[in-house]
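Trainee: I am attaching a structure below and will ask some questions about it afterwards.
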Amino acid sequence: MSSCVDDHAEEADRHDIAIKALGTLLATVDGHPVAISGPRQRTIFAMLVLARGRVVSVDSLVDAVWGVRPPTTARTQVAICIGALRKAFRAAHAKEPVILTTHPGYQLLTDFCSLDVGDFAAMTADAADSARQGRLEDAVGLYRKALGLWTGSAYCGVSGQIVEDEATRLEAERLGVYEALFDAELSLGHHNEVLPELSAIADDHPLHEKLRHSLMLAQYRCGRRAEAAEGFRIWRRRFVDEIGIEPSASIHELHNAILRDAPELALRAEAAPRPNRRAIPAELPADVPDLIGRRAELTALDALLDNMPGRPSARTGVVAGTAGVGKTSLVVHWASRAWDYFPDGLLYADLSQYEWSHEAATVHSLLHRFLRVLGISAESVPERLDECTSSYRSLLAERRALVVLDNARSLAHIQPFLPGCGDSRLLVTTDGRQDPMAVGRGTVHVDLDALPLPEAADLVTKLVGERRALDDPSAVRELCRLCGGLPLALRAAAGRLIAKPHWSVRHFVYRLTDDNRRLRELGAGGLELRDGFERGYHALTGTTARMCHMLGLLDAGHFTAYAGAALLAIGPDEAEEAIEQLVDRHLVRVVGVGPGGVLRYAFHELVRLLAREKALAEETEAERYAALARVCGPQLAAC
């Protein structure tokens, strides 16, 4: 009972931090405004917001504020701005830290933050789902709700190339939402109602063809045929004068159809999508066409298809492995091959994109989305979580659908999504070896490890081309070793080589040998690996988290629980328990057994670098030296 009280007390202490970027950049704590003053503070805060909980290096903040010519005091000024932002959040009654110092820079804690950019993306995705299924009234409502979040230009008043690029991207998304909104409104026959709004927006963006196309169609359907034709002629002259090319063929065809008074331009009731039409969801990400290896794992997952339909056996598959090992690629590839087995659709959700501090609300939100994708209207979705779960399972029982839940932090999170009966299947990826009974009997489990060296080399060769790879096969093998055989890292490395055709593989290997810059050299792939590691690391507590980053200080290829015990000055049994928890999270792997049955462990190569970064950021120099001195003591020479 006391734990429940503590949980409620903790919940009550949490602040509601709202960040608005779709207009002037603002932040509030429980409704109290945060005073973000000065252009440098705004740029630095915007960079932290853009990172969505990832660490932003001091160098990146310096580049964002000053560009290529920063002053010699730039790093100090960044620290001063961070201090001012922290003070501003405290003044707005934030009791807990909001901005952390985390090597190599700073991190905005987003666990309890709501961001209007994320709300905009979620609402527009739901609206697009509704439109695809013919529920145009629902789609219009959601599109308008999403557009209502905007109060001006995104990140208004914030400078810096990265921030300005993001603002441009968001503006393009907003125009895309307007396009979809007016398409839905015109399909519903609302041309009279939307014409003033559509005319104003089209005039604000005079070179935007799709908005002009919708405006001409709306004018025609409102009986303003001459205005539509004359407006096109004026618009076309301006378009050609400013861009130097003719508009697209489609808008010319619309103009000609208006001149002919073509009957196909009139709205026909039967042309509108039927609201009750049952759509077939197809939500999987793009398949990886050049998947290398993984035959045994694909065969294991095929057990989910044995004797379908009607086979009362495994309905759930779990693929586990460390960040970057290719779990999502494997699952998407298998599901794409198994498409024909699931005629009622494939549903997909990346659970890492959802907020799990309020688990029940998140599960309810995701079930709500799945029910709508499966054809239930928004007003028919139950309000209670248990009723939502029952409706979801009832729908799946009648169909043969596949549900893919990517990046599950805990198998307990996916309990409500388990199929109750019937021929639907659930496939989950996670970074932890967790209790198999959490998802019931008969579950197909696949533990995914790094690619063996030959397959890793084949992947690099396929991506960069045989001529380049065969020029120096030993460099390719060394590249694979430095990437730890992780497909994500290998693809990132190949991408760098493709982007730098003047680099030899050997030259890139030389750049990767520096442990301090290897993840940066891998570019976007390094960021994804860091994100995956952070998710796993933040799930650790107490001794286990400290064991993880302290082991990263060791240069040895492998270690034992005795080495871990010496690092933390704890007993061997406690050390082994902590290391086994790291094994369960796929952060550490067992590599052999030494004399006396002592287990030997090792990090995945890139995970070791990430763990070392944590140690440098979270332990003092004195603590690190003392720990290494204990490991190097003569009594551990045999280890």
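FYI, nothing fancy with the structure tokens labels: chains A, B, ... in order, residues from 1 per chain, ligands from 1 as they appear.
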Do you know which residues are at most 10 Å from range 378-391 of chain A counting only C-alpha atoms, after dropping those on the same chain fewer than 4 positions away, and could you put them as number ranges by chain?
Mentor: A: 130, 135, 138, 360-361, 363-372, 395-397, 415-420
Trainee: Please, which residues in range 161-219 of chain A fall within 9 Å of range 54-65 of chain A when counting only C-alpha atoms, and what is the closest atom pair and distance in Å to one decimal for each, ordered by chain then residue number, as CSV?
Mentor:
residue,atom,partner,partner_atom,distance
A:Gln161,CA,A:Ala64,CA,6.5
A:Ile162,CA,A:Ala64,CA,6.7
A:Val163,CA,A:Ala64,CA,8.0
Trainee: Would you pick out the contacts of range 179-184 of chain A at 8 Å or less, using only C-alpha atoms, so that residues sharing its chain but fewer than 3 positions from it are not included, and give the list as a ChimeraX atom specification?
Mentor: /A:131,136,139-140,143-144,175-176,187-188,194,198,210-211,214
Trainee: Mind dumping the selected residues with N, CA, C and O atoms as a short mmCIF file (atom, residue, chain, number, x, y, z; two decimals), in the first residue's frame?
Mentor:
data_model
loop_
_atom_site.label_atom_id
_atom_site.label_comp_id
_atom_site.auth_asym_id
_atom_site.auth_seq_id
_atom_site.Cartn_x
_atom_site.Cartn_y
_atom_site.Cartn_z
N ALA A 131 -8.16 9.74 -43.22
CA ALA A 131 -8.43 10.04 -44.63
C ALA A 131 -8.27 8.80 -45.50
O ALA A 131 -9.08 8.55 -46.41
N LEU A 136 -13.49 11.09 -43.70
CA LEU A 136 -13.01 12.42 -44.04
C LEU A 136 -13.42 13.47 -43.00
O LEU A 136 -12.68 14.43 -42.76
N ALA A 139 -10.92 13.24 -40.38
CA ALA A 139 -9.65 13.76 -40.87
C ALA A 139 -9.64 15.29 -40.83
O ALA A 139 -8.66 15.91 -40.39
N VAL A 140 -10.73 15.91 -41.29
CA VAL A 140 -10.81 17.37 -41.29
C VAL A 140 -10.67 17.92 -39.87
O VAL A 140 -9.94 18.89 -39.62
N TYR A 143 -7.02 17.53 -38.76
CA TYR A 143 -6.14 18.46 -39.47
C TYR A 143 -6.31 19.87 -38.91
O TYR A 143 -5.33 20.60 -38.69
N ARG A 144 -7.53 20.28 -38.66
CA ARG A 144 -7.76 21.64 -38.15
C ARG A 144 -7.24 21.78 -36.72
O ARG A 144 -6.73 22.83 -36.33
N LEU A 175 2.30 23.38 -44.79
CA LEU A 175 1.67 23.54 -46.10
C LEU A 175 1.13 22.21 -46.61
O LEU A 175 0.07 22.15 -47.23
N GLY A 176 1.87 21.12 -46.33
CA GLY A 176 1.37 19.80 -46.72
C GLY A 176 0.08 19.45 -46.01
O GLY A 176 -0.82 18.82 -46.59
N SER A 187 -13.50 17.15 -51.14
CA SER A 187 -14.14 15.84 -51.37
C SER A 187 -15.46 15.74 -50.63
O SER A 187 -16.36 15.00 -51.04
N LEU A 188 -15.58 16.48 -49.52
CA LEU A 188 -16.84 16.48 -48.76
C LEU A 188 -17.84 17.49 -49.31
O LEU A 188 -18.96 17.61 -48.77
N VAL A 194 -14.83 26.70 -47.55
CA VAL A 194 -13.37 26.86 -47.44
C VAL A 194 -12.80 27.87 -48.42
O VAL A 194 -11.62 28.22 -48.31
N LEU A 198 -9.03 29.28 -48.26
CA LEU A 198 -8.14 28.72 -49.28
C LEU A 198 -7.56 29.83 -50.15
O LEU A 198 -6.38 29.83 -50.49
N LYS A 210 -0.01 23.22 -55.67
CA LYS A 210 -1.13 22.40 -55.18
C LYS A 210 -2.22 23.28 -54.56
O LYS A 210 -3.42 23.02 -54.76
N LEU A 211 -1.83 24.31 -53.84
CA LEU A 211 -2.84 25.21 -53.27
C LEU A 211 -3.58 25.95 -54.38
O LEU A 211 -4.80 26.13 -54.30
N SER A 214 -6.13 23.56 -55.89
CA SER A 214 -7.32 23.42 -55.05
C SER A 214 -8.19 24.67 -55.12
O SER A 214 -9.42 24.58 -55.13
#
Trainee: Please return as a ChimeraX atom specification: the residues of range 158-376 of chain A that backbone DSSP assigns to strand (DSSP E or B).
Mentor: /A:282,316-320,346-350
Trainee: Write out as a ChimeraX atom specification which residues come within 9 Å of Val588 in chain A when counting only C-alpha atoms, dropping same-chain ones fewer than 2 positions away.
Mentor: /A:322,548,579-586,590,601-604,607-608
Trainee: Quick one: everything within 12 Å of Gln107 in chain A, counting only C-alpha atoms, minus sequence neighbours fewer than 6 positions away in the same chain. Send it as a ChimeraX atom specification.
Mentor: /A:44-58,61,82,86,97-101,534
Trainee: Now that the selection is made, can you save its residues with N, CA and C atoms as an mmCIF file, in the first residue's frame?
Mentor:
data_model
loop_
_atom_site.group_PDB
_atom_site.id
_atom_site.type_symbol
_atom_site.label_atom_id
_atom_site.label_comp_id
_atom_site.auth_asym_id
_atom_site.auth_seq_id
_atom_site.Cartn_x
_atom_site.Cartn_y
_atom_site.Cartn_z
ATOM 1 N N ILE A 44 20.196 28.436 -28.030
ATOM 2 C CA ILE A 44 20.667 27.269 -27.275
ATOM 3 C C ILE A 44 19.488 26.426 -26.806
ATOM 4 N N PHE A 45 18.438 27.076 -26.305
ATOM 5 C CA PHE A 45 17.264 26.316 -25.863
ATOM 6 C C PHE A 45 16.609 25.610 -27.054
ATOM 7 N N ALA A 46 16.550 26.296 -28.203
ATOM 8 C CA ALA A 46 15.971 25.671 -29.399
ATOM 9 C C ALA A 46 16.769 24.437 -29.809
ATOM 10 N N MET A 47 18.092 24.504 -29.730
ATOM 11 C CA MET A 47 18.932 23.347 -30.074
ATOM 12 C C MET A 47 18.649 22.176 -29.139
ATOM 13 N N LEU A 48 18.475 22.454 -27.859
ATOM 14 C CA LEU A 48 18.152 21.383 -26.903
ATOM 15 C C LEU A 48 16.776 20.790 -27.203
ATOM 16 N N VAL A 49 15.828 21.641 -27.569
ATOM 17 C CA VAL A 49 14.484 21.161 -27.905
ATOM 18 C C VAL A 49 14.539 20.283 -29.159
ATOM 19 N N LEU A 50 15.305 20.712 -30.167
ATOM 20 C CA LEU A 50 15.403 19.945 -31.408
ATOM 21 C C LEU A 50 15.987 18.563 -31.177
ATOM 22 N N ALA A 51 16.845 18.423 -30.161
ATOM 23 C CA ALA A 51 17.501 17.136 -29.909
ATOM 24 C C ALA A 51 16.557 16.109 -29.302
ATOM 25 N N ARG A 52 15.378 16.537 -28.811
ATOM 26 C CA ARG A 52 14.374 15.605 -28.271
ATOM 27 C C ARG A 52 14.958 14.661 -27.211
ATOM 28 N N GLY A 53 15.676 15.204 -26.240
ATOM 29 C CA GLY A 53 16.203 14.387 -25.159
ATOM 30 C C GLY A 53 17.601 13.860 -25.386
ATOM 31 N N ARG A 54 18.161 14.052 -26.590
ATOM 32 C CA ARG A 54 19.533 13.621 -26.836
ATOM 33 C C ARG A 54 20.507 14.677 -26.323
ATOM 34 N N VAL A 55 21.729 14.249 -26.101
ATOM 35 C CA VAL A 55 22.764 15.173 -25.657
ATOM 36 C C VAL A 55 23.207 16.032 -26.842
ATOM 37 N N VAL A 56 23.337 17.335 -26.603
ATOM 38 C CA VAL A 56 23.839 18.263 -27.619
ATOM 39 C C VAL A 56 25.220 18.720 -27.170
ATOM 40 N N SER A 57 26.212 18.507 -27.988
ATOM 41 C CA SER A 57 27.580 18.853 -27.610
ATOM 42 C C SER A 57 27.743 20.361 -27.524
ATOM 43 N N VAL A 58 28.710 20.775 -26.708
ATOM 44 C CA VAL A 58 29.012 22.205 -26.589
ATOM 45 C C VAL A 58 29.457 22.755 -27.947
ATOM 46 N N LEU A 61 26.491 23.655 -29.992
ATOM 47 C CA LEU A 61 25.853 24.889 -29.517
ATOM 48 C C LEU A 61 26.662 26.110 -29.937
ATOM 49 N N ILE A 82 23.392 28.428 -20.344
ATOM 50 C CA ILE A 82 22.766 27.249 -19.736
ATOM 51 C C ILE A 82 22.400 27.548 -18.290
ATOM 52 N N ARG A 86 18.631 27.428 -16.670
ATOM 53 C CA ARG A 86 18.284 26.664 -15.463
ATOM 54 C C ARG A 86 17.641 27.578 -14.419
ATOM 55 N N PRO A 97 15.708 19.272 -11.841
ATOM 56 C CA PRO A 97 16.507 19.783 -12.966
ATOM 57 C C PRO A 97 15.831 19.477 -14.305
ATOM 58 N N VAL A 98 15.899 20.435 -15.195
ATOM 59 C CA VAL A 98 15.329 20.274 -16.533
ATOM 60 C C VAL A 98 16.437 20.105 -17.576
ATOM 61 N N ILE A 99 17.580 20.755 -17.344
ATOM 62 C CA ILE A 99 18.723 20.666 -18.256
ATOM 63 C C ILE A 99 19.891 20.046 -17.501
ATOM 64 N N LEU A 100 20.398 18.924 -18.011
ATOM 65 C CA LEU A 100 21.507 18.225 -17.379
ATOM 66 C C LEU A 100 22.807 18.491 -18.129
ATOM 67 N N THR A 101 23.903 18.477 -17.373
ATOM 68 C CA THR A 101 25.234 18.477 -17.990
ATOM 69 C C THR A 101 25.634 17.035 -18.217
ATOM 70 N N GLU A 534 21.310 5.108 -24.780
ATOM 71 C CA GLU A 534 20.713 5.935 -23.727
ATOM 72 C C GLU A 534 19.415 5.320 -23.221
#
Trainee: If you run DSSP on the backbone, which residues of range 248-476 of chain A are alpha helix (DSSP H), as a PyMOL selection string?
Mentor: chain A and resi 249-260+295-301+327-337+359-373+385-397+453-464+466-470+473-476
